[in-house]
Amino acid sequence: MKNKLQIDLNADVGEGIGNEADLMPFLSSCNIACGGHAGDLESMTSIVKLAMRYKVKIGAHPSFPDKLNFGRALMELSASDLYASLKDQISALQTVLHHENAVLHHIKPHGALYNLAAKDEKIAGVIIEVIKSLSSSVKLYAPYNSVIAKRAKKDHVEVVFEAFADRNYNEDLSLVSRKNNDAVLHEKEAVLNHVLSMIKYQKVTSISGVEVPLKASTFCVHGDTDNAIEILKFLSDNLKKNNFQIQ
């Protein structure tokens, strides 16, 4: 029998949707909102307990401190203010993890912060300095060939390349804006084909039809997509049928 290839399925959680109990059985890692754009100690605690029950790896999902815009708008912050905010957010989750005897596996920035760090040296540097202040064993989930991934490797922070199972890409590997009707993939079959192409051929077909090189070993399904549970279950079942192990 051929050895199974390992694939990680992740989702952003604790963002007010309340479907974490349905998502967790199909995930191998999760990214918990820790107060910047959403989330509080109560939500973090309940989700950490769920993640532990299903043996799902736990990540922090810090953001620009902007609940009003759900962390999806750019903010003008000094490097020191951004550093302090990210430290505070991650520390809040770490307090919960310590109480529940759980471990922080990774950091995945949220929204506008994630997108900006992919191309901005200053912002990428702040995030990497925050991770280095935590522990050398904490990984970074980041896009392939991004500024932050390159900075992380330079600073000896382990990077896990992430791609989005349910989002379309531009030719520069940025995500198609949510203002575009084609930004999000809603059909479960389309999501599966999207992911299999990225895994098997290390390429993604951009919105313009051009194939672009892309490497990833963790794939995100957005928990706030209407049929996220249906997509995740279909993706999980069919990846297993294709000899992939979700872990």
# chains A, B, ... in the order shown; residues from 1 in each chain; ligands from 1
call {"tool": "residues_around", "arguments": {"residues": "A:Gln247", "least_positions_apart": "5", "cutoff": "9 Å", "atoms": "only C-alpha atoms", "output": "PyMOL selection string"}}
result
chain A and resi 6-9+27-29+56-57
call {"tool": "residues_around", "arguments": {"residues": "A:Leu175", "least_positions_apart": "2", "cutoff": "10 Å", "atoms": "only C-alpha atoms", "output": "list in words"}}
result
Asn115, Ala163, Phe164, Arg167, Asn168, Tyr169, Asn170, Glu171, Asp172, Leu173, Ser177, Arg178, Ala183, Val184, Ser206 and Ile207 of chain A
call {"tool": "residues_around", "arguments": {"residues": "A:Ala11", "least_positions_apart": "3", "cutoff": "7 Å", "atoms": "only C-alpha atoms", "output": "PDB file with N, CA, C and O atoms, in the first residue's frame"}}
result
ATOM      1  N   CYS A  30      -6.518  24.652  14.050  1.00  0.00           N
ATOM      2  CA  CYS A  30      -7.455  25.776  14.074  1.00  0.00           C
ATOM      3  C   CYS A  30      -6.720  27.038  14.496  1.00  0.00           C
ATOM      4  O   CYS A  30      -5.676  26.985  15.152  1.00  0.00           O
ATOM      5  N   ASN A  31      -7.285  28.168  14.115  1.00  0.00           N
ATOM      6  CA  ASN A  31      -6.696  29.475  14.397  1.00  0.00           C
ATOM      7  C   ASN A  31      -7.720  30.269  15.214  1.00  0.00           C
ATOM      8  O   ASN A  31      -8.771  30.643  14.683  1.00  0.00           O
ATOM      9  N   CYS A 220      -6.829  26.256   4.293  1.00  0.00           N
ATOM     10  CA  CYS A 220      -7.838  26.899   5.139  1.00  0.00           C
ATOM     11  C   CYS A 220      -9.204  26.905   4.464  1.00  0.00           C
ATOM     12  O   CYS A 220      -9.328  27.251   3.289  1.00  0.00           O
ATOM     13  N   VAL A 221     -10.216  26.516   5.226  1.00  0.00           N
ATOM     14  CA  VAL A 221     -11.617  26.705   4.834  1.00  0.00           C
ATOM     15  C   VAL A 221     -12.197  27.735   5.793  1.00  0.00           C
ATOM     16  O   VAL A 221     -12.100  27.581   7.010  1.00  0.00           O
ATOM     17  N   HIS A 222     -12.782  28.772   5.256  1.00  0.00           N
ATOM     18  CA  HIS A 222     -13.318  29.836   6.113  1.00  0.00           C
ATOM     19  C   HIS A 222     -14.588  29.362   6.827  1.00  0.00           C
ATOM     20  O   HIS A 222     -15.558  28.983   6.173  1.00  0.00           O
ATOM     21  N   GLY A 223     -14.548  29.413   8.136  1.00  0.00           N
ATOM     22  CA  GLY A 223     -15.681  28.943   8.927  1.00  0.00           C
ATOM     23  C   GLY A 223     -16.932  29.776   8.778  1.00  0.00           C
ATOM     24  O   GLY A 223     -18.029  29.328   9.117  1.00  0.00           O
TER      25      GLY A 223
END
call {"tool": "atom_distance", "arguments": {"atom1": "atom CA of A:Tyr144", "atom2": "atom CA of A:Ile58"}}
result
21.0 Å
call {"tool": "atom_distance", "arguments": {"atom1": "atom CA of A:Thr45", "atom2": "atom CA of A:Asp22"}}
result
16.7 Å
call {"tool": "residues_around", "arguments": {"residues": "A:Lys215", "least_positions_apart": "4", "cutoff": "8 Å", "atoms": "only C-alpha atoms", "output": "tab-separated table (two decimals) with N, CA, C and O atoms, in the first residue's frame"}}
result
chain	number	residue	atom	x	y	z
A	144	TYR	N	2.88	31.01	0.54
A	144	TYR	CA	4.08	30.65	-0.20
A	144	TYR	C	4.68	31.87	-0.89
A	144	TYR	O	3.97	32.72	-1.41
A	161	PHE	N	3.54	26.56	4.86
A	161	PHE	CA	2.90	27.29	3.77
A	161	PHE	C	1.40	26.99	3.76
A	161	PHE	O	0.98	25.84	3.80
A	162	GLU	N	0.62	28.07	3.69
A	162	GLU	CA	-0.84	27.95	3.71
A	162	GLU	C	-1.44	28.40	2.39
A	162	GLU	O	-0.98	29.36	1.76
A	163	ALA	N	-2.47	27.69	1.96
A	163	ALA	CA	-3.28	28.12	0.82
A	163	ALA	C	-4.74	28.07	1.24
A	163	ALA	O	-5.10	27.42	2.23
A	198	MET	N	-3.57	22.08	-6.29
A	198	MET	CA	-2.47	22.69	-5.54
A	198	MET	C	-1.55	21.63	-4.92
A	198	MET	O	-0.33	21.80	-4.88
A	199	ILE	N	-2.15	20.54	-4.45
A	199	ILE	CA	-1.35	19.49	-3.82
A	199	ILE	C	-0.55	18.71	-4.87
A	199	ILE	O	0.67	18.53	-4.76
A	202	GLN	N	1.34	21.48	-7.45
A	202	GLN	CA	1.97	22.66	-6.83
A	202	GLN	C	1.74	23.91	-7.71
A	202	GLN	O	2.64	24.72	-7.91
A	203	LYS	N	0.51	24.01	-8.19
A	203	LYS	CA	0.09	25.17	-8.98
A	203	LYS	C	-1.34	25.52	-8.61
A	203	LYS	O	-2.10	24.66	-8.17
call {"tool": "closest_residue", "arguments": {"among": "A:Pro25, A:Pro65, A:Pro143, A:Gly14", "to": "A:Ala117", "atoms": "only C-alpha atoms"}}
result
A:Pro143
call {"tool": "closest_residue", "arguments": {"among": "A:Ala73, A:Ile47, A:Ile123, A:Met52", "to": "A:Gly16", "atoms": "only C-alpha atoms"}}
result
A:Ile47
call {"tool": "atom_distance", "arguments": {"atom1": "atom CA of A:Ser63", "atom2": "atom CA of A:Ser135"}}
result
19.5 Å
call {"tool": "closest_residue", "arguments": {"among": "A:Leu23, A:Val130, A:Ala124, A:Ala216", "to": "A:Ile90", "atoms": "only C-alpha atoms"}}
result
A:Val130
call {"tool": "select_by_dssp", "arguments": {"residues": "stretch 152-204 of chain A", "states": "strand (DSSP E or B)", "output": "PyMOL selection string"}}
result
chain A and resi 159-164+167+169+175+184+203-204
call {"tool": "select_by_dssp", "arguments": {"residues": "stretch 29-159 of chain A", "states": "alpha helix (DSSP H)", "output": "mmCIF file with N, CA, C and O atoms, in the first residue's frame"}}
result
data_model
loop_
_atom_site.group_PDB
_atom_site.id
_atom_site.type_symbol
_atom_site.label_atom_id
_atom_site.label_comp_id
_atom_site.auth_asym_id
_atom_site.auth_seq_id
_atom_site.Cartn_x
_atom_site.Cartn_y
_atom_site.Cartn_z
ATOM 1 N N LEU A 41 -12.053 35.862 26.419
ATOM 2 C CA LEU A 41 -11.587 34.724 27.219
ATOM 3 C C LEU A 41 -12.596 33.583 27.231
ATOM 4 O O LEU A 41 -12.226 32.413 27.199
ATOM 5 N N GLU A 42 -13.879 33.927 27.233
ATOM 6 C CA GLU A 42 -14.913 32.888 27.247
ATOM 7 C C GLU A 42 -14.895 32.067 25.956
ATOM 8 O O GLU A 42 -14.912 30.837 25.983
ATOM 9 N N SER A 43 -14.850 32.760 24.809
ATOM 10 C CA SER A 43 -14.846 32.034 23.535
ATOM 11 C C SER A 43 -13.545 31.249 23.366
ATOM 12 O O SER A 43 -13.551 30.113 22.885
ATOM 13 N N MET A 44 -12.428 31.844 23.765
ATOM 14 C CA MET A 44 -11.150 31.141 23.654
ATOM 15 C C MET A 44 -11.144 29.866 24.488
ATOM 16 O O MET A 44 -10.686 28.815 24.046
ATOM 17 N N THR A 45 -11.681 29.954 25.696
ATOM 18 C CA THR A 45 -11.700 28.797 26.586
ATOM 19 C C THR A 45 -12.537 27.659 26.009
ATOM 20 O O THR A 45 -12.100 26.495 25.978
ATOM 21 N N SER A 46 -13.725 27.982 25.529
ATOM 22 C CA SER A 46 -14.601 26.922 25.008
ATOM 23 C C SER A 46 -13.993 26.277 23.763
ATOM 24 O O SER A 46 -14.092 25.055 23.572
ATOM 25 N N ILE A 47 -13.338 27.073 22.919
ATOM 26 C CA ILE A 47 -12.774 26.525 21.687
ATOM 27 C C ILE A 47 -11.506 25.724 21.972
ATOM 28 O O ILE A 47 -11.270 24.690 21.338
ATOM 29 N N VAL A 48 -10.704 26.166 22.905
ATOM 30 C CA VAL A 48 -9.523 25.371 23.300
ATOM 31 C C VAL A 48 -9.958 23.998 23.807
ATOM 32 O O VAL A 48 -9.373 22.970 23.448
ATOM 33 N N LYS A 49 -11.006 23.962 24.596
ATOM 34 C CA LYS A 49 -11.512 22.674 25.103
ATOM 35 C C LYS A 49 -11.992 21.782 23.959
ATOM 36 O O LYS A 49 -11.733 20.571 23.957
ATOM 37 N N LEU A 50 -12.682 22.369 22.989
ATOM 38 C CA LEU A 50 -13.136 21.613 21.819
ATOM 39 C C LEU A 50 -11.947 21.077 21.024
ATOM 40 O O LEU A 50 -11.930 19.912 20.613
ATOM 41 N N ALA A 51 -10.958 21.929 20.806
ATOM 42 C CA ALA A 51 -9.776 21.535 20.041
ATOM 43 C C ALA A 51 -9.050 20.377 20.725
ATOM 44 O O ALA A 51 -8.606 19.421 20.064
ATOM 45 N N MET A 52 -8.954 20.435 22.029
ATOM 46 C CA MET A 52 -8.292 19.356 22.773
ATOM 47 C C MET A 52 -9.081 18.052 22.657
ATOM 48 O O MET A 52 -8.515 16.975 22.502
ATOM 49 N N ARG A 53 -10.408 18.169 22.707
ATOM 50 C CA ARG A 53 -11.256 16.968 22.606
ATOM 51 C C ARG A 53 -11.044 16.256 21.268
ATOM 52 O O ARG A 53 -10.994 15.034 21.198
ATOM 53 N N ALA A 79 5.377 50.430 14.808
ATOM 54 C CA ALA A 79 5.865 49.062 15.001
ATOM 55 C C ALA A 79 5.725 48.649 16.472
ATOM 56 O O ALA A 79 5.330 47.522 16.774
ATOM 57 N N SER A 80 6.014 49.574 17.385
ATOM 58 C CA SER A 80 5.944 49.234 18.815
ATOM 59 C C SER A 80 4.506 49.009 19.264
ATOM 60 O O SER A 80 4.231 48.112 20.072
ATOM 61 N N ASP A 81 3.574 49.810 18.749
ATOM 62 C CA ASP A 81 2.170 49.634 19.121
ATOM 63 C C ASP A 81 1.612 48.324 18.558
ATOM 64 O O ASP A 81 0.844 47.625 19.238
ATOM 65 N N LEU A 82 1.983 47.991 17.325
ATOM 66 C CA LEU A 82 1.525 46.738 16.738
ATOM 67 C C LEU A 82 2.111 45.555 17.500
ATOM 68 O O LEU A 82 1.393 44.596 17.819
ATOM 69 N N TYR A 83 3.393 45.637 17.828
ATOM 70 C CA TYR A 83 4.048 44.570 18.598
ATOM 71 C C TYR A 83 3.319 44.350 19.927
ATOM 72 O O TYR A 83 3.002 43.215 20.296
ATOM 73 N N ALA A 84 3.039 45.448 20.633
ATOM 74 C CA ALA A 84 2.376 45.355 21.942
ATOM 75 C C ALA A 84 0.988 44.738 21.815
ATOM 76 O O ALA A 84 0.591 43.897 22.633
ATOM 77 N N SER A 85 0.246 45.136 20.778
ATOM 78 C CA SER A 85 -1.099 44.603 20.583
ATOM 79 C C SER A 85 -1.051 43.096 20.295
ATOM 80 O O SER A 85 -1.821 42.323 20.875
ATOM 81 N N LEU A 86 -0.160 42.691 19.403
ATOM 82 C CA LEU A 86 -0.064 41.265 19.063
ATOM 83 C C LEU A 86 0.366 40.441 20.273
ATOM 84 O O LEU A 86 -0.159 39.340 20.505
ATOM 85 N N LYS A 87 1.302 40.980 21.049
ATOM 86 C CA LYS A 87 1.734 40.277 22.267
ATOM 87 C C LYS A 87 0.574 40.116 23.243
ATOM 88 O O LYS A 87 0.381 39.045 23.835
ATOM 89 N N ASP A 88 -0.211 41.166 23.404
ATOM 90 C CA ASP A 88 -1.354 41.117 24.326
ATOM 91 C C ASP A 88 -2.372 40.076 23.869
ATOM 92 O O ASP A 88 -2.911 39.315 24.690
ATOM 93 N N GLN A 89 -2.661 40.049 22.571
ATOM 94 C CA GLN A 89 -3.643 39.103 22.051
ATOM 95 C C GLN A 89 -3.181 37.662 22.256
ATOM 96 O O GLN A 89 -3.942 36.806 22.739
ATOM 97 N N ILE A 90 -1.939 37.394 21.893
ATOM 98 C CA ILE A 90 -1.418 36.029 22.007
ATOM 99 C C ILE A 90 -1.285 35.625 23.470
ATOM 100 O O ILE A 90 -1.560 34.483 23.836
ATOM 101 N N SER A 91 -0.896 36.578 24.324
ATOM 102 C CA SER A 91 -0.783 36.297 25.761
ATOM 103 C C SER A 91 -2.132 35.907 26.357
ATOM 104 O O SER A 91 -2.213 35.049 27.246
ATOM 105 N N ALA A 92 -3.209 36.551 25.867
ATOM 106 C CA ALA A 92 -4.545 36.201 26.359
ATOM 107 C C ALA A 92 -4.864 34.749 26.044
ATOM 108 O O ALA A 92 -5.381 34.012 26.901
ATOM 109 N N LEU A 93 -4.547 34.313 24.817
ATOM 110 C CA LEU A 93 -4.778 32.907 24.469
ATOM 111 C C LEU A 93 -3.855 31.996 25.262
ATOM 112 O O LEU A 93 -4.273 30.930 25.722
ATOM 113 N N GLN A 94 -2.616 32.418 25.462
ATOM 114 C CA GLN A 94 -1.674 31.588 26.223
ATOM 115 C C GLN A 94 -2.114 31.390 27.671
ATOM 116 O O GLN A 94 -1.890 30.335 28.253
ATOM 117 N N THR A 95 -2.768 32.404 28.221
ATOM 118 C CA THR A 95 -3.314 32.271 29.580
ATOM 119 C C THR A 95 -4.339 31.143 29.630
ATOM 120 O O THR A 95 -4.337 30.314 30.548
ATOM 121 N N VAL A 96 -5.202 31.102 28.618
ATOM 122 C CA VAL A 96 -6.205 30.028 28.524
ATOM 123 C C VAL A 96 -5.520 28.681 28.319
ATOM 124 O O VAL A 96 -5.864 27.685 28.973
ATOM 125 N N LEU A 97 -4.545 28.647 27.419
ATOM 126 C CA LEU A 97 -3.847 27.389 27.136
ATOM 127 C C LEU A 97 -3.159 26.850 28.380
ATOM 128 O O LEU A 97 -3.190 25.640 28.651
ATOM 129 N N HIS A 98 -2.533 27.742 29.129
ATOM 130 C CA HIS A 98 -1.856 27.325 30.359
ATOM 131 C C HIS A 98 -2.862 26.732 31.353
ATOM 132 O O HIS A 98 -2.608 25.678 31.959
ATOM 133 N N HIS A 99 -4.005 27.383 31.480
ATOM 134 C CA HIS A 99 -5.046 26.914 32.408
ATOM 135 C C HIS A 99 -5.592 25.555 31.985
ATOM 136 O O HIS A 99 -5.927 24.717 32.833
ATOM 137 N N GLU A 100 -5.680 25.322 30.672
ATOM 138 C CA GLU A 100 -6.246 24.070 30.153
ATOM 139 C C GLU A 100 -5.166 23.013 29.869
ATOM 140 O O GLU A 100 -5.465 21.940 29.358
ATOM 141 N N GLY A 111 -6.772 38.508 8.409
ATOM 142 C CA GLY A 111 -7.323 39.578 7.578
ATOM 143 C C GLY A 111 -6.299 40.513 6.956
ATOM 144 O O GLY A 111 -5.346 40.098 6.297
ATOM 145 N N ALA A 112 -6.508 41.806 7.179
ATOM 146 C CA ALA A 112 -5.640 42.822 6.581
ATOM 147 C C ALA A 112 -4.191 42.666 7.041
ATOM 148 O O ALA A 112 -3.258 42.932 6.271
ATOM 149 N N LEU A 113 -3.996 42.229 8.265
ATOM 150 C CA LEU A 113 -2.640 42.028 8.786
ATOM 151 C C LEU A 113 -1.941 40.899 8.025
ATOM 152 O O LEU A 113 -0.771 41.011 7.660
ATOM 153 N N TYR A 114 -2.656 39.809 7.770
ATOM 154 C CA TYR A 114 -2.133 38.663 7.009
ATOM 155 C C TYR A 114 -1.732 39.106 5.607
ATOM 156 O O TYR A 114 -0.626 38.809 5.134
ATOM 157 N N ASN A 115 -2.625 39.831 4.949
ATOM 158 C CA ASN A 115 -2.376 40.249 3.573
ATOM 159 C C ASN A 115 -1.230 41.259 3.480
ATOM 160 O O ASN A 115 -0.413 41.203 2.555
ATOM 161 N N LEU A 116 -1.149 42.177 4.447
ATOM 162 C CA LEU A 116 -0.092 43.184 4.426
ATOM 163 C C LEU A 116 1.270 42.557 4.730
ATOM 164 O O LEU A 116 2.275 42.902 4.086
ATOM 165 N N ALA A 117 1.306 41.626 5.673
ATOM 166 C CA ALA A 117 2.570 40.971 6.037
ATOM 167 C C ALA A 117 3.137 40.148 4.885
ATOM 168 O O ALA A 117 4.339 39.883 4.839
ATOM 169 N N GLU A 121 7.740 44.492 4.428
ATOM 170 C CA GLU A 121 8.877 44.064 5.263
ATOM 171 C C GLU A 121 8.717 44.492 6.728
ATOM 172 O O GLU A 121 9.007 43.725 7.637
ATOM 173 N N LYS A 122 8.249 45.707 6.946
ATOM 174 C CA LYS A 122 8.140 46.220 8.312
ATOM 175 C C LYS A 122 7.118 45.420 9.118
ATOM 176 O O LYS A 122 7.391 44.988 10.243
ATOM 177 N N ILE A 123 5.946 45.225 8.547
ATOM 178 C CA ILE A 123 4.895 44.488 9.250
ATOM 179 C C ILE A 123 5.322 43.038 9.466
ATOM 180 O O ILE A 123 5.131 42.471 10.552
ATOM 181 N N ALA A 124 5.924 42.436 8.436
ATOM 182 C CA ALA A 124 6.414 41.056 8.560
ATOM 183 C C ALA A 124 7.422 40.958 9.698
ATOM 184 O O ALA A 124 7.382 40.014 10.503
ATOM 185 N N GLY A 125 8.312 41.945 9.778
ATOM 186 C CA GLY A 125 9.339 41.932 10.826
ATOM 187 C C GLY A 125 8.753 41.989 12.223
ATOM 188 O O GLY A 125 9.237 41.301 13.137
ATOM 189 N N VAL A 126 7.712 42.796 12.412
ATOM 190 C CA VAL A 126 7.066 42.896 13.730
ATOM 191 C C VAL A 126 6.475 41.540 14.131
ATOM 192 O O VAL A 126 6.666 41.078 15.267
ATOM 193 N N ILE A 127 5.787 40.897 13.214
ATOM 194 C CA ILE A 127 5.157 39.609 13.521
ATOM 195 C C ILE A 127 6.214 38.553 13.856
ATOM 196 O O ILE A 127 6.063 37.791 14.820
ATOM 197 N N ILE A 128 7.305 38.547 13.095
ATOM 198 C CA ILE A 128 8.371 37.572 13.353
ATOM 199 C C ILE A 128 9.017 37.824 14.716
ATOM 200 O O ILE A 128 9.318 36.886 15.457
ATOM 201 N N GLU A 129 9.212 39.089 15.066
ATOM 202 C CA GLU A 129 9.785 39.403 16.385
ATOM 203 C C GLU A 129 8.863 38.937 17.515
ATOM 204 O O GLU A 129 9.332 38.459 18.556
ATOM 205 N N VAL A 130 7.561 39.061 17.312
ATOM 206 C CA VAL A 130 6.602 38.567 18.312
ATOM 207 C C VAL A 130 6.743 37.051 18.466
ATOM 208 O O VAL A 130 6.806 36.528 19.583
ATOM 209 N N ILE A 131 6.813 36.348 17.348
ATOM 210 C CA ILE A 131 6.936 34.877 17.404
ATOM 211 C C ILE A 131 8.244 34.477 18.084
ATOM 212 O O ILE A 131 8.269 33.567 18.927
ATOM 213 N N LYS A 132 9.327 35.169 17.758
ATOM 214 C CA LYS A 132 10.629 34.840 18.361
ATOM 215 C C LYS A 132 10.612 35.073 19.868
ATOM 216 O O LYS A 132 11.327 34.407 20.616
ATOM 217 N N SER A 133 9.777 35.997 20.315
ATOM 218 C CA SER A 133 9.701 36.273 21.759
ATOM 219 C C SER A 133 8.934 35.188 22.513
ATOM 220 O O SER A 133 8.982 35.120 23.742
ATOM 221 N N LEU A 134 8.213 34.351 21.779
ATOM 222 C CA LEU A 134 7.382 33.326 22.410
ATOM 223 C C LEU A 134 8.175 32.048 22.650
ATOM 224 O O LEU A 134 8.457 31.663 23.752
ATOM 225 N N VAL A 147 6.662 37.768 1.604
ATOM 226 C CA VAL A 147 7.713 38.486 2.343
ATOM 227 C C VAL A 147 7.859 37.923 3.748
ATOM 228 O O VAL A 147 8.974 37.696 4.230
ATOM 229 N N ILE A 148 6.730 37.657 4.421
ATOM 230 C CA ILE A 148 6.818 37.176 5.803
ATOM 231 C C ILE A 148 7.388 35.765 5.876
ATOM 232 O O ILE A 148 8.147 35.442 6.797
ATOM 233 N N ALA A 149 7.104 34.927 4.897
ATOM 234 C CA ALA A 149 7.666 33.568 4.895
ATOM 235 C C ALA A 149 9.181 33.624 4.718
ATOM 236 O O ALA A 149 9.925 32.892 5.381
ATOM 237 N N LYS A 150 9.635 34.501 3.831
ATOM 238 C CA LYS A 150 11.084 34.641 3.608
ATOM 239 C C LYS A 150 11.776 35.193 4.849
ATOM 240 O O LYS A 150 12.866 34.745 5.219
ATOM 241 N N ARG A 151 11.134 36.164 5.495
ATOM 242 C CA ARG A 151 11.700 36.744 6.717
ATOM 243 C C ARG A 151 11.763 35.697 7.832
ATOM 244 O O ARG A 151 12.739 35.623 8.589
ATOM 245 N N ALA A 152 10.716 34.880 7.931
ATOM 246 C CA ALA A 152 10.684 33.832 8.959
ATOM 247 C C ALA A 152 11.833 32.849 8.774
ATOM 248 O O ALA A 152 12.525 32.484 9.745
ATOM 249 N N LYS A 153 12.049 32.398 7.555
ATOM 250 C CA LYS A 153 13.140 31.450 7.289
ATOM 251 C C LYS A 153 14.488 32.069 7.639
ATOM 252 O O LYS A 153 15.342 31.409 8.227
ATOM 253 N N LYS A 154 14.657 33.324 7.293
ATOM 254 C CA LYS A 154 15.895 34.036 7.602
ATOM 255 C C LYS A 154 16.139 34.086 9.110
ATOM 256 O O LYS A 154 17.279 33.997 9.578
#
call {"tool": "residues_around", "arguments": {"residues": "A:Phe64", "least_positions_apart": "5", "cutoff": "7 Å", "atoms": "only C-alpha atoms", "output": "ChimeraX atom specification"}}
result
/A:36-37,71,75,113
call {"tool": "closest_residue", "arguments": {"among": "A:Lys55, A:Ala118, A:Leu196, A:Asn101", "to": "A:Asn243", "atoms": "only C-alpha atoms"}}
result
A:Leu196
call {"tool": "closest_residue", "arguments": {"among": "A:Asn181, A:Asn193, A:Thr218, A:Ser174", "to": "A:Leu140", "atoms": "only C-alpha atoms"}}
result
A:Thr218
call {"tool": "closest_residue", "arguments": {"among": "A:His61, A:Lys108, A:Lys4, A:His194", "to": "A:Ala142", "atoms": "only C-alpha atoms"}}
result
A:Lys108
